[in-house]
Amino acid sequence: MTRFAYLIDPWTRTVEAVERTAVDAPSVLQEIHSLMHCDFIQAVGLHDAGSDIMYLEEDGYRKDARACFHCRLWSDQTVAGRALWVGKTADGDDASPSTPLDHVRAHIVWCSFV
């Protein structure tokens, strides 16, 4: 079964749906790392987003702190690097997000530097 997620990319300032096909735990993690172009991730819960979570790039600030965004459905913390917005099943497995893509886009604010 094909799932999708939302890739939040501060370098291109886009939030796009991406297809996810991996099914077993090792390939799911490898797929996440590949989509986000990073080696280390952390999962964070979201406010008013059902069971959806965001995977954040742990080393985003070391890569380029200017490539960042703020998500109004999370904390007041600025996120550096890419993020992947995914849904979760009742068993805790990754699923397609329950939050509509347009709603996610409306809650992402890109950082601007002078």
# chains A, B, ... in the order shown; residues from 1 in each chain; ligands from 1

call {"tool": "residues_around", "arguments": {"residues": "A:Glu57", "least_positions_apart": "4", "cutoff": "10 Å", "atoms": "only C-alpha atoms", "output": "JSON, numbers by chain"}}
result
{"A": [33, 36, 37, 38, 39, 40, 41, 42, 43, 61, 63, 79, 80, 81, 82, 83, 84]}

call {"tool": "residues_around", "arguments": {"residues": "stretch 66-75 of chain A", "least_positions_apart": "3", "cutoff": "12 Å", "atoms": "only C-alpha atoms", "output": "mmCIF file with C-alpha atoms, in the first residue's frame"}}
result
data_model
loop_
_atom_site.group_PDB
_atom_site.id
_atom_site.type_symbol
_atom_site.label_atom_id
_atom_site.label_comp_id
_atom_site.auth_asym_id
_atom_site.auth_seq_id
_atom_site.Cartn_x
_atom_site.Cartn_y
_atom_site.Cartn_z
ATOM 1 C CA ILE A 8 8.888 20.633 4.305
ATOM 2 C CA ASP A 9 11.966 22.071 2.579
ATOM 3 C CA PRO A 10 13.264 25.466 3.743
ATOM 4 C CA TRP A 11 15.878 25.592 0.968
ATOM 5 C CA THR A 12 13.199 25.625 -1.733
ATOM 6 C CA ARG A 13 10.499 27.026 0.600
ATOM 7 C CA THR A 14 8.067 24.317 -0.414
ATOM 8 C CA VAL A 15 5.749 21.873 1.317
ATOM 9 C CA ALA A 43 10.082 12.820 16.030
ATOM 10 C CA VAL A 44 7.953 15.568 17.585
ATOM 11 C CA GLY A 45 4.254 15.662 18.375
ATOM 12 C CA LEU A 46 2.066 18.409 16.927
ATOM 13 C CA HIS A 47 -0.789 20.499 18.336
ATOM 14 C CA ASP A 48 -4.232 20.147 16.739
ATOM 15 C CA ALA A 49 -2.950 17.707 14.117
ATOM 16 C CA GLY A 50 -4.502 14.440 15.266
ATOM 17 C CA ASP A 52 0.334 13.339 12.840
ATOM 18 C CA ILE A 53 3.965 13.948 13.794
ATOM 19 C CA MET A 54 6.959 15.685 12.230
ATOM 20 C CA TYR A 55 10.361 14.109 11.780
ATOM 21 C CA LEU A 56 12.978 16.836 12.200
ATOM 22 C CA GLU A 57 16.551 16.935 10.958
ATOM 23 C CA ASP A 59 21.726 18.340 12.566
ATOM 24 C CA GLY A 60 19.905 21.049 10.597
ATOM 25 C CA TYR A 61 21.515 23.964 12.449
ATOM 26 C CA ARG A 62 24.988 22.625 11.740
ATOM 27 C CA LYS A 63 24.270 22.405 8.006
ATOM 28 C CA THR A 78 12.413 27.445 14.917
ATOM 29 C CA VAL A 79 13.254 24.354 12.864
ATOM 30 C CA ALA A 80 16.452 24.283 10.811
ATOM 31 C CA GLY A 81 16.663 21.873 7.899
ATOM 32 C CA ARG A 82 14.030 19.704 6.294
ATOM 33 C CA ALA A 83 11.119 18.039 8.068
ATOM 34 C CA TRP A 85 5.153 15.366 8.219
ATOM 35 C CA THR A 99 -4.017 16.805 8.184
ATOM 36 C CA HIS A 103 -3.674 23.238 6.192
ATOM 37 C CA VAL A 104 -0.018 22.305 6.776
ATOM 38 C CA ARG A 105 1.158 24.855 4.195
ATOM 39 C CA ALA A 106 -0.923 27.558 5.907
ATOM 40 C CA HIS A 107 0.899 26.887 9.196
ATOM 41 C CA ILE A 108 4.480 26.989 7.913
ATOM 42 C CA VAL A 109 6.277 30.340 8.168
ATOM 43 C CA TRP A 110 9.644 30.639 6.421
ATOM 44 C CA CYS A 111 12.481 32.414 8.191
ATOM 45 C CA SER A 112 13.886 35.479 6.501
ATOM 46 C CA PHE A 113 17.307 36.931 7.082
ATOM 47 C CA VAL A 114 18.389 40.430 6.169
#

call {"tool": "residues_around", "arguments": {"residues": "A:Thr89", "least_positions_apart": "2", "cutoff": "12 Å", "atoms": "only C-alpha atoms", "output": "PyMOL selection string"}}
result
chain A and resi 3+50-53+86-87+91-98

call {"tool": "atom_distance", "arguments": {"atom1": "atom CA of A:Pro100", "atom2": "atom CA of A:Arg20"}}
result
16.7 Å

call {"tool": "select_by_dssp", "arguments": {"residues": "stretch 8-97 of chain A", "states": "strand (DSSP E)", "output": "PyMOL selection string"}}
result
chain A and resi 8-9+14-20+41-45+53-57+68-71+79-80+83-88+94-95

call {"tool": "select_by_dssp", "arguments": {"residues": "stretch 28-114 of chain A", "states": "helix (DSSP H, G or I)", "output": "PyMOL selection string"}}
result
chain A and resi 28-36+60-64+101-106

call {"tool": "write_last_selection", "arguments": {"atoms": "C-alpha atoms", "output": "CSV table (one decimal), in the first residue's frame"}}
result
chain,number,residue,atom,x,y,z
A,28,VAL,CA,11.2,3.0,6.4
A,29,LEU,CA,14.1,4.7,8.3
A,30,GLN,CA,16.3,4.6,5.2
A,31,GLU,CA,13.5,6.2,3.2
A,32,ILE,CA,13.0,9.0,5.7
A,33,HIS,CA,16.8,9.7,5.7
A,34,SER,CA,16.8,9.7,1.9
A,35,LEU,CA,13.8,12.1,1.7
A,36,MET,CA,15.2,14.5,4.2
A,60,GLY,CA,19.9,21.0,10.6
A,61,TYR,CA,21.5,24.0,12.4
A,62,ARG,CA,25.0,22.6,11.7
A,63,LYS,CA,24.3,22.4,8.0
A,64,ASP,CA,22.8,25.9,7.5
A,101,LEU,CA,-1.7,19.5,2.8
A,102,ASP,CA,-3.2,23.0,2.4
A,103,HIS,CA,-3.7,23.2,6.2
A,104,VAL,CA,0.0,22.3,6.8
A,105,ARG,CA,1.2,24.9,4.2
A,106,ALA,CA,-0.9,27.6,5.9

call {"tool": "residues_around", "arguments": {"residues": "A:Thr21", "least_positions_apart": "2", "cutoff": "7 Å", "atoms": "only C-alpha atoms", "output": "NGL selection string"}}
result
:A and (2-3 or 19 or 23)

call {"tool": "write_last_selection", "arguments": {"atoms": "N, CA and C atoms", "output": "PDB file, in the first residue's frame"}}
result
ATOM      1  N   THR A   2       0.607   2.139  -0.908  1.00  0.00           N
ATOM      2  CA  THR A   2       1.374   3.369  -1.014  1.00  0.00           C
ATOM      3  C   THR A   2       0.859   4.402  -0.018  1.00  0.00           C
ATOM      4  N   ARG A   3       1.807   5.008   0.672  1.00  0.00           N
ATOM      5  CA  ARG A   3       1.488   6.088   1.597  1.00  0.00           C
ATOM      6  C   ARG A   3       2.154   7.349   1.080  1.00  0.00           C
ATOM      7  N   GLU A  19       5.675  10.494  -2.123  1.00  0.00           N
ATOM      8  CA  GLU A  19       5.216   9.109  -2.011  1.00  0.00           C
ATOM      9  C   GLU A  19       6.165   8.324  -1.127  1.00  0.00           C
ATOM     10  N   VAL A  23       8.091  -0.499   3.724  1.00  0.00           N
ATOM     11  CA  VAL A  23       7.149  -1.127   4.643  1.00  0.00           C
ATOM     12  C   VAL A  23       7.794  -1.681   5.914  1.00  0.00           C
TER      13      VAL A  23
END
